[in-house]
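Chemist: I am attaching a structure below and will ask some questions about it afterwards.
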Amino acid sequence: MCGVFGVTGHKDAARLTYLGLYALQHRGEESAGIVTYDGKRTRSHQGMGLVGDIFGEGSLRSLRGSIAVGHVRYSTTGSSLERNVQPFLVNHKRGHIAIAHNGNFTNTIELRESLEEKGSIFQTTMDSEVIVHFLAQSKIKDYQQKVIEALKSLEGAYSLVMMLDNVLIGARDPHGFRPLCLGKLEGAYVLASETCALDLIQAEYVREVEPGEIVFIQNKTIESIKPFPKRKHSFCIFEYIYFSRPDSNIFGKNVYLTRKRLGAQLAKESPVECDLVMPIPDSGSYAAIGFAEKSKFPFEIGMIRNHYVGRTFIQPSQLIRDFKVRVKLNPIKDVIKGKRLAIVEDSIVRGTTSRARVRTIRQTGAKKIHMRISCPPIKSPCFYGIDFPTKKELIAAKHTVKEIKEFMGLDSLKYLSLEGMLKSMLLPACEFCTACFSGKYPTEKPKKFSKKILEKKR
Ligand code: 5GP
Ligand code: MG
């Protein structure tokens with residue numbers, strides 16, 4: 001997963017991008033970068049870690065120009081290396097190119113092989129790099145045609161924000177897997193993965209960049225082209241379940257309200273007699289509100305999150321069992337002790353975190369623990385940009401719900417049904433990709449798809 005942002009026609013382009021990335025931090029905590037162009041030269045500042053740590057007054061001041069693109073990264077293809085930080089920037093004799101990508105191409109290996117045959121030398125293991133090679137090799141004069149040609153060979157998922165000299169470009173693949181929206185601020189256009197980034201800079205939401213659409217923005221004017229054959233929409237449903245921020249609207253609909261509906265549907269499908277409904281914060285909180293409202297049992301916050309847990313802390317691993325889980329979430333004894341709980345969680349991936357949390361809650365003295373999950377069992381890997389583990393590690397791929405319940409030490413465990421999940425959406429069911437739940441992939445599965453293949457090639 002990743003977050004992308006871009007702005008053009010604004011004197012504070014870099015600063016706005018910094019704020020945009022700050023709002024999109026949840027989409028990737030591994031690295032971040034901003035590239036700007038002032039009409040003469042490009043400037044770039046990138047690093048590993050959080051946006052707030054990477055950029056300072058000095059770096060923002062040096063990022064001159066009225067056009068900027070930015071990226072926060074959560075590695076999907078390509079390993080966690082400094083050279084894999086985006087935006088990907090190339091200063092080429094035919095122009096300056098910067099690319100920020102959210103998604104995953106499903107034909108990267110084939111594209112790389114054919115480009116390498118023609119002499120390309122790849123700098124990174126990121127799939128986004130192929131676009132740069134297509135653009136740099138192209139002999140087409142018209143820049144719009146050049147971009148269209150480069151994107152034509154891509155398959156899979158992409159929401160892209162690109163800079164081609166002084167032109168800002170936004171593009172979404174014809175299936176529309178990942179979100180991308182368009183905003184406006186003081187006459188300048190803004191592109192962002194989610195609307196929460198527009199809100200922070202007080203930009204006005206204009207519309208979604210549509211599936212299969214490319215927008216070219218120059219001098220405060222925007223041109224839209226839809227050069228690709230129409231495909232069935234495949235919006236990532238997991239964006240609503242877990243990934244996006246609840247204060248965002250993605251694909252045109254609000255995430256918070258959708259999560260509440262998921263919770264209400266879950267209560268309808270799998271009610272349970274309990275003393276209180278409590279979420280696993282923060283991601284489970286919104287579905288839990290919907291669940292409690294619908295089931296009419298009292299809602300309580302039964303565990304409190306420590307918001308200051310960084311990526312690294314000294315782990316007294318031998319001393320304290322489940323330390324990583326305990327340091328992040330602490331149950332409130334006086335709320336939980338002796339109670340029958342319905343705990344609501346957005347999703348289970350590997351099952352390991354949830355298991356440790358259940359153990360902590362049990363030790364706190366809960367009488368019964370019923371767990372409710374606001375999506376169906378995740379059984380299949382994602383080829384479109386969500387960093388799920390391999391099938392082997394997905395607990396629901398190998399185990400029945402009953403087995404998972406036993407493994408977690410629960411009194412009962414229920415998942416939301418696929419139909420129930422789709423019914424809870426504020427868009428028609430046919431708009432979504434549900435491959436991770438249903439195993440039905442909207443595109444051909446990649447012939448070769450492996451981080452390891454790319455790594456081995458280096
Ligand atoms: P598990 O029990 O599967 O180990 O962890 C489940 C928890 O991981 C849930 O709280 C859920 O919100 C969270 N989660 C779901 N998907 C992702 C993801 O793609 N990345 C991260 N970091 N957490 C996730
Ligand atoms: Mg969570």
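By convention in this document, the chains of the structure tokens carry letters A, B, ... by their order, each chain's residues are numbered from 1, and ligands are numbered from 1 in the order they are shown.
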Excluding region 169-178 of chain A and residues on its chain fewer than 6 positions from it, collect all residues at most 6 Å away from it, counting only C-alpha atoms, and give them as JSON, numbers by chain.
Modeler: {"A": [157, 158, 159, 160, 161, 162, 211, 212, 213, 214, 215, 216, 231, 232, 233, 234, 235, 236]}
Chemist: Take the residues just selected and output them with N, CA, C and O atoms as a PDB file, in the first residue's frame.
Modeler:
ATOM      1  N   ALA A 157      -2.966  -2.867 -11.002  1.00  0.00           N
ATOM      2  CA  ALA A 157      -3.518  -1.736 -10.247  1.00  0.00           C
ATOM      3  C   ALA A 157      -2.550  -0.565 -10.216  1.00  0.00           C
ATOM      4  O   ALA A 157      -1.385  -0.726  -9.885  1.00  0.00           O
ATOM      5  N   TYR A 158      -3.049   0.599 -10.582  1.00  0.00           N
ATOM      6  CA  TYR A 158      -2.248   1.800 -10.376  1.00  0.00           C
ATOM      7  C   TYR A 158      -3.106   3.042 -10.208  1.00  0.00           C
ATOM      8  O   TYR A 158      -4.033   3.285 -10.951  1.00  0.00           O
ATOM      9  N   SER A 159      -2.815   3.764  -9.157  1.00  0.00           N
ATOM     10  CA  SER A 159      -3.213   5.162  -9.044  1.00  0.00           C
ATOM     11  C   SER A 159      -1.911   5.924  -9.020  1.00  0.00           C
ATOM     12  O   SER A 159      -1.106   5.751  -8.096  1.00  0.00           O
ATOM     13  N   LEU A 160      -1.702   6.711 -10.064  1.00  0.00           N
ATOM     14  CA  LEU A 160      -0.404   7.353 -10.247  1.00  0.00           C
ATOM     15  C   LEU A 160      -0.522   8.864 -10.157  1.00  0.00           C
ATOM     16  O   LEU A 160      -1.507   9.438 -10.630  1.00  0.00           O
ATOM     17  N   VAL A 161       0.492   9.472  -9.539  1.00  0.00           N
ATOM     18  CA  VAL A 161       0.649  10.919  -9.643  1.00  0.00           C
ATOM     19  C   VAL A 161       2.042  11.135 -10.226  1.00  0.00           C
ATOM     20  O   VAL A 161       3.032  10.661  -9.664  1.00  0.00           O
ATOM     21  N   MET A 162       2.089  11.810 -11.369  1.00  0.00           N
ATOM     22  CA  MET A 162       3.364  11.972 -12.060  1.00  0.00           C
ATOM     23  C   MET A 162       3.627  13.438 -12.355  1.00  0.00           C
ATOM     24  O   MET A 162       2.701  14.230 -12.463  1.00  0.00           O
ATOM     25  N   PRO A 211     -11.826   5.614 -13.124  1.00  0.00           N
ATOM     26  CA  PRO A 211     -11.085   4.450 -13.628  1.00  0.00           C
ATOM     27  C   PRO A 211     -10.787   4.629 -15.121  1.00  0.00           C
ATOM     28  O   PRO A 211     -11.673   5.006 -15.883  1.00  0.00           O
ATOM     29  N   GLY A 212      -9.544   4.402 -15.504  1.00  0.00           N
ATOM     30  CA  GLY A 212      -9.160   4.530 -16.912  1.00  0.00           C
ATOM     31  C   GLY A 212      -8.940   5.956 -17.369  1.00  0.00           C
ATOM     32  O   GLY A 212      -8.712   6.195 -18.551  1.00  0.00           O
ATOM     33  N   GLU A 213      -8.984   6.888 -16.431  1.00  0.00           N
ATOM     34  CA  GLU A 213      -8.820   8.294 -16.818  1.00  0.00           C
ATOM     35  C   GLU A 213      -7.387   8.785 -16.563  1.00  0.00           C
ATOM     36  O   GLU A 213      -6.750   8.383 -15.586  1.00  0.00           O
ATOM     37  N   ILE A 214      -6.917   9.628 -17.454  1.00  0.00           N
ATOM     38  CA  ILE A 214      -5.651  10.331 -17.215  1.00  0.00           C
ATOM     39  C   ILE A 214      -5.964  11.828 -17.243  1.00  0.00           C
ATOM     40  O   ILE A 214      -6.614  12.300 -18.169  1.00  0.00           O
ATOM     41  N   VAL A 215      -5.550  12.527 -16.195  1.00  0.00           N
ATOM     42  CA  VAL A 215      -5.720  13.981 -16.212  1.00  0.00           C
ATOM     43  C   VAL A 215      -4.351  14.647 -16.337  1.00  0.00           C
ATOM     44  O   VAL A 215      -3.393  14.251 -15.686  1.00  0.00           O
ATOM     45  N   PHE A 216      -4.294  15.637 -17.216  1.00  0.00           N
ATOM     46  CA  PHE A 216      -3.073  16.421 -17.434  1.00  0.00           C
ATOM     47  C   PHE A 216      -3.348  17.832 -16.944  1.00  0.00           C
ATOM     48  O   PHE A 216      -4.276  18.487 -17.422  1.00  0.00           O
ATOM     49  N   ARG A 231     -13.219  -1.302 -18.670  1.00  0.00           N
ATOM     50  CA  ARG A 231     -13.126  -2.568 -17.936  1.00  0.00           C
ATOM     51  C   ARG A 231     -14.149  -2.528 -16.812  1.00  0.00           C
ATOM     52  O   ARG A 231     -14.600  -1.455 -16.403  1.00  0.00           O
ATOM     53  N   LYS A 232     -14.440  -3.709 -16.292  1.00  0.00           N
ATOM     54  CA  LYS A 232     -15.339  -3.780 -15.145  1.00  0.00           C
ATOM     55  C   LYS A 232     -14.663  -3.107 -13.945  1.00  0.00           C
ATOM     56  O   LYS A 232     -13.497  -3.376 -13.667  1.00  0.00           O
ATOM     57  N   HIS A 233     -15.387  -2.254 -13.249  1.00  0.00           N
ATOM     58  CA  HIS A 233     -14.791  -1.614 -12.067  1.00  0.00           C
ATOM     59  C   HIS A 233     -14.444  -2.661 -11.002  1.00  0.00           C
ATOM     60  O   HIS A 233     -15.171  -3.631 -10.825  1.00  0.00           O
ATOM     61  N   SER A 234     -13.327  -2.448 -10.335  1.00  0.00           N
ATOM     62  CA  SER A 234     -12.881  -3.379  -9.288  1.00  0.00           C
ATOM     63  C   SER A 234     -12.289  -2.589  -8.136  1.00  0.00           C
ATOM     64  O   SER A 234     -11.113  -2.721  -7.822  1.00  0.00           O
ATOM     65  N   PHE A 235     -13.112  -1.760  -7.524  1.00  0.00           N
ATOM     66  CA  PHE A 235     -12.629  -0.956  -6.401  1.00  0.00           C
ATOM     67  C   PHE A 235     -12.264  -1.888  -5.241  1.00  0.00           C
ATOM     68  O   PHE A 235     -13.018  -2.807  -4.920  1.00  0.00           O
ATOM     69  N   CYS A 236     -11.140  -1.611  -4.609  1.00  0.00           N
ATOM     70  CA  CYS A 236     -10.673  -2.471  -3.515  1.00  0.00           C
ATOM     71  C   CYS A 236     -11.589  -2.311  -2.300  1.00  0.00           C
ATOM     72  O   CYS A 236     -11.641  -1.250  -1.680  1.00  0.00           O
TER      73      CYS A 236
END
Chemist: Once you count only C-alpha atoms and all ligand atoms, which residues end up within 7 Å of ligand 1, and could you hand them over as a list in words?
Modeler: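 Final answer, ordered by chain and number: Tyr242, Phe243, Ile280, Ser283, Gly284, Glu345, Asp346, Ser347, Ile348, Val349, Arg350, Gly351, Thr352, Thr353, Ser354, Arg355, Ile386, Asp387 and Phe388 of chain A.
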Chemist: I need the residues from that last selection saved to file as a PDB file, in the first residue's frame (with N, CA and C atoms), if you can.
Modeler:
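again.pdb, written as the output of this step:
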ATOM      1  N   TYR A 242     -10.428  -1.704   6.130  1.00  0.00           N
ATOM      2  CA  TYR A 242      -9.309  -1.401   7.002  1.00  0.00           C
ATOM      3  C   TYR A 242      -8.453  -0.228   6.573  1.00  0.00           C
ATOM      4  N   PHE A 243      -8.149  -0.148   5.282  1.00  0.00           N
ATOM      5  CA  PHE A 243      -6.998   0.644   4.907  1.00  0.00           C
ATOM      6  C   PHE A 243      -7.162   2.157   4.994  1.00  0.00           C
ATOM      7  N   ILE A 280     -11.653  -3.491  19.188  1.00  0.00           N
ATOM      8  CA  ILE A 280     -10.196  -3.505  19.275  1.00  0.00           C
ATOM      9  C   ILE A 280      -9.762  -2.218  18.575  1.00  0.00           C
ATOM     10  N   SER A 283      -8.747   0.375  14.671  1.00  0.00           N
ATOM     11  CA  SER A 283      -9.362  -0.051  13.406  1.00  0.00           C
ATOM     12  C   SER A 283     -10.732  -0.706  13.593  1.00  0.00           C
ATOM     13  N   GLY A 284     -10.973  -1.329  14.765  1.00  0.00           N
ATOM     14  CA  GLY A 284     -12.259  -2.001  14.980  1.00  0.00           C
ATOM     15  C   GLY A 284     -13.344  -1.078  15.525  1.00  0.00           C
ATOM     16  N   GLU A 345     -13.664  -6.506  15.700  1.00  0.00           N
ATOM     17  CA  GLU A 345     -12.395  -6.228  15.008  1.00  0.00           C
ATOM     18  C   GLU A 345     -12.673  -6.112  13.518  1.00  0.00           C
ATOM     19  N   ASP A 346     -11.893  -5.285  12.837  1.00  0.00           N
ATOM     20  CA  ASP A 346     -12.160  -5.092  11.396  1.00  0.00           C
ATOM     21  C   ASP A 346     -11.782  -6.305  10.565  1.00  0.00           C
ATOM     22  N   SER A 347     -10.661  -6.950  10.897  1.00  0.00           N
ATOM     23  CA  SER A 347     -10.204  -8.067  10.065  1.00  0.00           C
ATOM     24  C   SER A 347      -9.202  -8.926  10.828  1.00  0.00           C
ATOM     25  N   ILE A 348      -9.073 -10.169  10.354  1.00  0.00           N
ATOM     26  CA  ILE A 348      -7.996 -11.027  10.853  1.00  0.00           C
ATOM     27  C   ILE A 348      -7.159 -11.416   9.648  1.00  0.00           C
ATOM     28  N   VAL A 349      -5.864 -11.220   9.745  1.00  0.00           N
ATOM     29  CA  VAL A 349      -4.983 -11.559   8.631  1.00  0.00           C
ATOM     30  C   VAL A 349      -4.199 -12.835   8.983  1.00  0.00           C
ATOM     31  N   ARG A 350      -3.212 -12.679   9.816  1.00  0.00           N
ATOM     32  CA  ARG A 350      -2.448 -13.858  10.259  1.00  0.00           C
ATOM     33  C   ARG A 350      -3.065 -14.511  11.489  1.00  0.00           C
ATOM     34  N   GLY A 351      -3.724 -13.716  12.263  1.00  0.00           N
ATOM     35  CA  GLY A 351      -4.342 -14.223  13.476  1.00  0.00           C
ATOM     36  C   GLY A 351      -3.467 -14.112  14.707  1.00  0.00           C
ATOM     37  N   THR A 352      -2.237 -13.729  14.522  1.00  0.00           N
ATOM     38  CA  THR A 352      -1.314 -13.744  15.663  1.00  0.00           C
ATOM     39  C   THR A 352      -1.535 -12.569  16.627  1.00  0.00           C
ATOM     40  N   THR A 353      -1.767 -11.387  16.067  1.00  0.00           N
ATOM     41  CA  THR A 353      -2.009 -10.224  16.934  1.00  0.00           C
ATOM     42  C   THR A 353      -3.303 -10.415  17.697  1.00  0.00           C
ATOM     43  N   SER A 354      -4.336 -10.824  16.964  1.00  0.00           N
ATOM     44  CA  SER A 354      -5.643 -11.004  17.596  1.00  0.00           C
ATOM     45  C   SER A 354      -5.569 -12.033  18.720  1.00  0.00           C
ATOM     46  N   ARG A 355      -4.820 -13.090  18.485  1.00  0.00           N
ATOM     47  CA  ARG A 355      -4.713 -14.129  19.502  1.00  0.00           C
ATOM     48  C   ARG A 355      -4.098 -13.575  20.790  1.00  0.00           C
ATOM     49  N   ILE A 386      -2.292  -4.589  -1.798  1.00  0.00           N
ATOM     50  CA  ILE A 386      -2.372  -4.756  -0.337  1.00  0.00           C
ATOM     51  C   ILE A 386      -1.314  -5.779   0.050  1.00  0.00           C
ATOM     52  N   ASP A 387      -0.570  -5.439   1.068  1.00  0.00           N
ATOM     53  CA  ASP A 387       0.552  -6.287   1.436  1.00  0.00           C
ATOM     54  C   ASP A 387       0.124  -7.432   2.357  1.00  0.00           C
ATOM     55  N   PHE A 388      -0.752  -8.272   1.850  1.00  0.00           N
ATOM     56  CA  PHE A 388      -1.093  -9.462   2.628  1.00  0.00           C
ATOM     57  C   PHE A 388       0.038 -10.465   2.497  1.00  0.00           C
TER      58      PHE A 388
END
Chemist: One decimal, in Å: what's the spacing between CA of Gly20 (chain A) and CA of Gly70 (chain A)?
Modeler: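 Pair CA of Gly20 (chain A) / CA of Gly70 (chain A) returns 8.3 Å.
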Chemist: Let me make sure I understand: among A:Tyr384, A:Phe251, A:Tyr286, A:Phe88, which one has the smallest atom-to-atom distance to ligand 2 if we use only C-alpha atoms and all ligand atoms?
Modeler: A:Tyr286
Chemist: For the structure I just gave you, how does DSSP split region 123-264 of chain A - specifically, which residues are strand (DSSP E or B)? Reply as number ranges by chain.
Modeler: A: 156-164, 167-172, 181-185, 188-192, 204-208, 214-218, 221-225, 235-236, 249-250, 253-254
Chemist: My list of candidates is A:Ser66, A:Thr36, A:Ser248, A:Thr8. Which is closest to Ala188 (chain A) when distances are computed with only C-alpha atoms?
Modeler: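 Among the listed residues, the smallest separation from Ala188 (chain A) belongs to A:Thr8.
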